[in-house]
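J.: Okay, here's the structure, questions in a sec.
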Amino acid sequence: MKRRRYIPAFLCHYSGKLSAAYLLQYIFQPLYRIKDIMSDELILVDEHDNTLGYDEKLRVHQLGLLHRAFSVFLFNDAGELLIQQRALSKYHSGGLWANSCCSHPRRGESLEQAIQRRLREELGITCSLQPAGHIIYRAEVPPSLIEHEYDHLFTGHYNGPFSLNPQEVADVRWISLTDLKKEMHDHPQQFAEWFKVIVKKSPLLQITTS
């Protein structure tokens, strides 16, 4: 008799709303990662970053609800930017290149606490950071999600080393802003949607004009 793989009830709850290909990503992921994806709550905000409430991460991304987020940009002594390739097991945008670190604060967690938590979890580091403004953006993320974020931007200086968490990060590399702009122009499909939006909309990287 062929052994059947167990699919959690909370995953079945969403089965009518997601594509078959999308659901397969969960079937072959560890149970603890599925629970994190489904139960983790994001902070809903208005266009002034005032807290409106909380909702499940997947539901927020399905409905395109505006929520609080952060994006970190780490530079080395040569002025190069650290970019990371997201792990293939990530529930969206797996395998794509993005900025140094990005995520969301949890309920009751400050931006600073959330940023340092994710730097440790993803890159195995701690680093002093400086705020660098914010952007509000909305971008469709294949196969059927919407990123709609009030995204706080932070910069920092760090040369390494890193201790990558393979559950989160497949690879990292340093890149000049000029080369980043060229790669993003020539191969846009290799970059996460929010990263492309930040490069286009924010003066932070200073590569929006030739």
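In the structure tokens, chains take the letters A, B, ... in the order shown, each chain's residues start at 1, and ligands count up from 1 in the order shown.
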Set out as a Markdown table a contact list for stretch 96-148 of chain A and stretch 66-76 of chain A with a cut-off of 8 Å, giving each residue of stretch 96-148 of chain A that qualifies its closest atom pair and distance in Å to one decimal, counting only C-alpha atoms, ordered by chain and rising residue number.
T.:
| residue | atom | partner | partner_atom | distance |
| --- | --- | --- | --- | --- |
| A:Asn99 | CA | A:Phe73 | CA | 6.1 |
| A:Ser100 | CA | A:Phe73 | CA | 5.2 |
| A:Cys101 | CA | A:Val72 | CA | 5.1 |
| A:Cys102 | CA | A:Ser71 | CA | 4.3 |
| A:Ser103 | CA | A:Phe70 | CA | 5.8 |
| A:His104 | CA | A:Ala69 | CA | 4.4 |
| A:Pro105 | CA | A:Ala69 | CA | 6.6 |
| A:Leu111 | CA | A:Phe70 | CA | 7.5 |
| A:Ile115 | CA | A:Phe70 | CA | 7.5 |
| A:His148 | CA | A:Leu66 | CA | 4.9 |
J.: Keeping only N, CA and C atoms, take the residues you just selected and write them out as a short mmCIF file (atom, residue, chain, number, x, y, z; two decimals), in the first residue's frame.
T.:
data_model
loop_
_atom_site.label_atom_id
_atom_site.label_comp_id
_atom_site.auth_asym_id
_atom_site.auth_seq_id
_atom_site.Cartn_x
_atom_site.Cartn_y
_atom_site.Cartn_z
N ASN A 99 17.25 42.35 -1.62
CA ASN A 99 18.19 43.15 -0.84
C ASN A 99 18.75 42.34 0.33
N SER A 100 19.61 42.95 1.12
CA SER A 100 20.39 42.22 2.13
C SER A 100 19.51 41.42 3.09
N CYS A 101 18.42 42.02 3.53
CA CYS A 101 17.50 41.36 4.47
C CYS A 101 16.18 42.10 4.43
N CYS A 102 15.07 41.37 4.46
CA CYS A 102 13.76 42.02 4.49
C CYS A 102 12.76 41.08 5.17
N SER A 103 11.83 41.68 5.90
CA SER A 103 10.83 40.88 6.60
C SER A 103 9.79 41.81 7.22
N HIS A 104 9.10 41.30 8.25
CA HIS A 104 8.03 42.04 8.92
C HIS A 104 8.21 41.96 10.44
N PRO A 105 7.91 43.03 11.16
CA PRO A 105 7.85 42.93 12.62
C PRO A 105 6.61 42.15 13.04
N LEU A 111 10.51 47.71 15.28
CA LEU A 111 11.27 47.51 14.05
C LEU A 111 12.70 47.08 14.36
N ILE A 115 14.33 43.66 13.05
CA ILE A 115 15.46 43.69 12.13
C ILE A 115 16.63 42.86 12.66
N HIS A 148 1.88 44.39 -0.44
CA HIS A 148 1.44 45.78 -0.30
C HIS A 148 1.99 46.25 1.04
#
J.: Show me, as a list in words, the residues that have an atom within 10 Å of A:Asp46 when counting only C-alpha atoms, minus same-chain residues fewer than 2 positions from it.
T.: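 The filter keeps Leu44, His48, Asp49, Asn50, Thr51, Leu52, Gly53, Leu65, Leu66, His67, Arg68, Glu149 and Tyr150 of chain A.
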J.: Leaving out stretch 179-195 of chain A and any residue of its chain fewer than 5 positions from it, which residues lie within 8 Å of it when counting only C-alpha atoms, given as a VMD selection string?
T.: chain A and resid 93 95 to 99 137 139 to 141 147 207
J.: May I have the residues within 6 Å of stretch 171-174 of chain A as a PyMOL selection string, using only C-alpha atoms and disregarding those fewer than 3 positions away in the same chain?
T.: chain A and resi 80-85
